[in-house]
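Have a look at the structure below, then the notes.
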2 protein chains.
Amino acid sequence: MTHNELGWEETLWDAGYRVTRQRALVLDAVCAGDGHTAFGDIHLRVKQADASIDRSTVYRALRLFVDLGLVLSAETGGEETFYEVARPEPHHHLVCRVCGSEWEIDAAALQAMFDEVEARHGFAVATDHLVLFGACAMCRTNARSV
Amino acid sequence: MTHNELGWEETLWDAGYRVTRQRALVLDAVCAGDGHTAFGDIHLRVKQADASIDRSTVYRALRLFVDLGLVLSAETGGEETFYEVARPEPHHHLVCRVCGSEWEIDAAALQAMFDEVEARHGFAVATDHLVLFGACAMCRTNARSV
DNA sequence: CCATCTCCTGCAAATGTTTGCAATAAACCG
DNA sequence: CGGTTTATTGCAAACATTTGCAGGAGATGG
């Protein structure tokens, strides 16, 4: 997947921003990740495509993409920030704090929670990309058998 | 509230760490916040208590406290990290992306979600401090009346 | 109390991220 | 197409955070 399939130009123009070659390469670098790409990986890919692109440009493009919702950032609890391209259907992550494994779950799993918050507090939750930490089934089974 | 009321020494010793004067001052600085304190505020308070304490010591103490669960850190979506002292009862935050207001909600509100994830995925969610973004009742009412 | 172990600190350097500025370039209009 | 506007970039500097190291100090045991 590359940036061509994303309709990203319209998003930028609509928001008053410009479409640049550098930004396309940054977006491609995010697309080339497995969905969870650290800044260092993105920067390396951009550099390989065009060594003249400055690190600050990569930071800026990423920041803009996140602000515009083209890219999702996931803070992993004080650790490194991961980036992934926003997809039509929202999803969330489960990260095992024991073995480090990670899963995606669709948004339906958490919709009941959001509905509950809205009913109780009148607050419409917009957050559509959560990272939840805990213990996976495998690690819980192993812990139990010790 | 100061560090004396927290039983923090046992937590450190149990984990194989030491209780130091500097760490007590850092914890006090977090306690002195309104529950949501930026690094700069913490550092300033520590400096006022003892100007000889180095910035890196404050970073390290905070990192250790967060790792040990004595202090909670809240990433506010690409913005500044806020710190607060961990309380016995878990809670979460709702932040309005329109007006910036913030509320705390108790963990019961989200428990159904966690139970759902466990039933569906066998994953025991340990995350007990979420920051959810969206639109508050007031801003939604204003938007509707425009 | 003293000796020992080793975690912890301050300091300086290294690394990561953001910002200011002048030049570049995208976008628009005639 | 050319001129104009202004967003964007590369570069360097500033700022934020982390890391390495030697000396300091907390904790333990005799």
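In the structure tokens, each chain is lettered A, B, ... as it comes, each chain's residues begin at 1, and ligands are numbered from 1 in order of appearance.
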
Which of range 28-87 of chain B fall in strand (DSSP E or B), as number ranges by chain: B: 37-38, 71-75, 81-85

Residue list for chain A near chain C as a list in words, 10 Å, only C-alpha atoms (C1' of nucleotides):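 Listing them in order of chain and number gives Trp13, Tyr17, Arg18, Val19, Thr20, Arg55, Ser56, Tyr59 and Arg60 of chain A.
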
Within 12 Å of chain A: residues of chain D, using only C-alpha atoms (C1' of nucleotides), as number ranges by chain: D: 6-12, 17

Distance-based interface of chain A with chain B, 7 Å, counting only C-alpha atoms, as a PyMOL selection string: chain A and resi 109-110+112-113+116-117+122-127+132-137

Using N, CA, C and O atoms, can you write the selected residues to a file as a JSON list (two decimals), in the first residue's frame?
[["chain", "number", "residue", "atom", "x", "y", "z"],
["A", 109, "ALA", "N", -16.02, -3.96, 20.02],
["A", 109, "ALA", "CA", -15.74, -4.51, 21.34],
["A", 109, "ALA", "C", -15.85, -3.44, 22.42],
["A", 109, "ALA", "O", -16.19, -3.73, 23.56],
["A", 110, "LEU", "N", -15.55, -2.21, 22.06],
["A", 110, "LEU", "CA", -15.52, -1.16, 23.07],
["A", 110, "LEU", "C", -16.70, -0.21, 22.96],
["A", 110, "LEU", "O", -16.82, 0.75, 23.72],
["A", 112, "ALA", "N", -19.79, -0.56, 23.66],
["A", 112, "ALA", "CA", -20.65, -0.54, 24.84],
["A", 112, "ALA", "C", -20.12, 0.45, 25.86],
["A", 112, "ALA", "O", -20.87, 1.19, 26.50],
["A", 113, "MET", "N", -18.79, 0.48, 25.99],
["A", 113, "MET", "CA", -18.18, 1.42, 26.94],
["A", 113, "MET", "C", -18.47, 2.86, 26.54],
["A", 113, "MET", "O", -18.84, 3.69, 27.37],
["A", 116, "GLU", "N", -21.92, 3.78, 27.23],
["A", 116, "GLU", "CA", -22.10, 3.95, 28.68],
["A", 116, "GLU", "C", -21.64, 5.33, 29.12],
["A", 116, "GLU", "O", -22.31, 6.03, 29.88],
["A", 117, "VAL", "N", -20.50, 5.75, 28.63],
["A", 117, "VAL", "CA", -19.95, 7.07, 29.01],
["A", 117, "VAL", "C", -20.90, 8.17, 28.53],
["A", 117, "VAL", "O", -21.15, 9.15, 29.23],
["A", 122, "GLY", "N", -22.95, 12.28, 29.32],
["A", 122, "GLY", "CA", -23.26, 13.17, 28.21],
["A", 122, "GLY", "C", -22.06, 13.48, 27.36],
["A", 122, "GLY", "O", -22.03, 14.45, 26.61],
["A", 123, "PHE", "N", -21.04, 12.64, 27.47],
["A", 123, "PHE", "CA", -19.77, 12.89, 26.79],
["A", 123, "PHE", "C", -19.63, 11.94, 25.61],
["A", 123, "PHE", "O", -19.65, 10.73, 25.76],
["A", 124, "ALA", "N", -19.51, 12.52, 24.40],
["A", 124, "ALA", "CA", -19.38, 11.72, 23.19],
["A", 124, "ALA", "C", -17.91, 11.40, 22.96],
["A", 124, "ALA", "O", -17.13, 12.28, 22.61],
["A", 125, "VAL", "N", -17.54, 10.15, 23.19],
["A", 125, "VAL", "CA", -16.14, 9.75, 23.05],
["A", 125, "VAL", "C", -15.76, 9.69, 21.58],
["A", 125, "VAL", "O", -16.41, 9.03, 20.78],
["A", 126, "ALA", "N", -14.69, 10.39, 21.24],
["A", 126, "ALA", "CA", -14.19, 10.37, 19.86],
["A", 126, "ALA", "C", -12.97, 9.48, 19.72],
["A", 126, "ALA", "O", -12.61, 9.09, 18.62],
["A", 127, "THR", "N", -12.34, 9.19, 20.82],
["A", 127, "THR", "CA", -11.14, 8.34, 20.78],
["A", 127, "THR", "C", -11.45, 7.04, 20.07],
["A", 127, "THR", "O", -12.37, 6.31, 20.46],
["A", 132, "LEU", "N", -4.63, -0.92, 25.15],
["A", 132, "LEU", "CA", -4.93, -1.44, 26.48],
["A", 132, "LEU", "C", -3.88, -2.48, 26.86],
["A", 132, "LEU", "O", -3.55, -3.37, 26.08],
["A", 133, "PHE", "N", -3.39, -2.37, 28.08],
["A", 133, "PHE", "CA", -2.36, -3.28, 28.55],
["A", 133, "PHE", "C", -2.94, -4.27, 29.53],
["A", 133, "PHE", "O", -3.89, -3.98, 30.24],
["A", 134, "GLY", "N", -2.33, -5.44, 29.57],
["A", 134, "GLY", "CA", -2.79, -6.46, 30.50],
["A", 134, "GLY", "C", -2.06, -7.76, 30.27],
["A", 134, "GLY", "O", -0.90, -7.77, 29.86],
["A", 135, "ALA", "N", -2.72, -8.85, 30.56],
["A", 135, "ALA", "CA", -2.11, -10.17, 30.41],
["A", 135, "ALA", "C", -2.93, -11.00, 29.44],
["A", 135, "ALA", "O", -4.15, -11.08, 29.55],
["A", 136, "CYS", "N", -2.26, -11.60, 28.45],
["A", 136, "CYS", "CA", -2.97, -12.38, 27.45],
["A", 136, "CYS", "C", -3.30, -13.77, 28.00],
["A", 136, "CYS", "O", -2.79, -14.22, 29.02],
["A", 137, "ALA", "N", -4.16, -14.47, 27.24],
["A", 137, "ALA", "CA", -4.62, -15.78, 27.68],
["A", 137, "ALA", "C", -3.44, -16.73, 27.90],
["A", 137, "ALA", "O", -3.40, -17.49, 28.87]]

Shell of 9 Å around range 29-33 of chain A, only C-alpha atoms (C1' of nucleotides), local chain residues under 5 positions omitted, as a list in words: Met1, Thr2, His3, Ala24, Ala38, Asp41, Ile42, His43, Leu44, Arg45, Val46, Leu62, Val71, Tyr83, Glu84 and Val85 of chain A

Atomic distance CA of Ala49 in chain A - CA of Asp34 in chain A, expressed in Å with one decimal: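 One can read the CA of Ala49 in chain A to CA of Asp34 in chain A distance as 18.1 Å.
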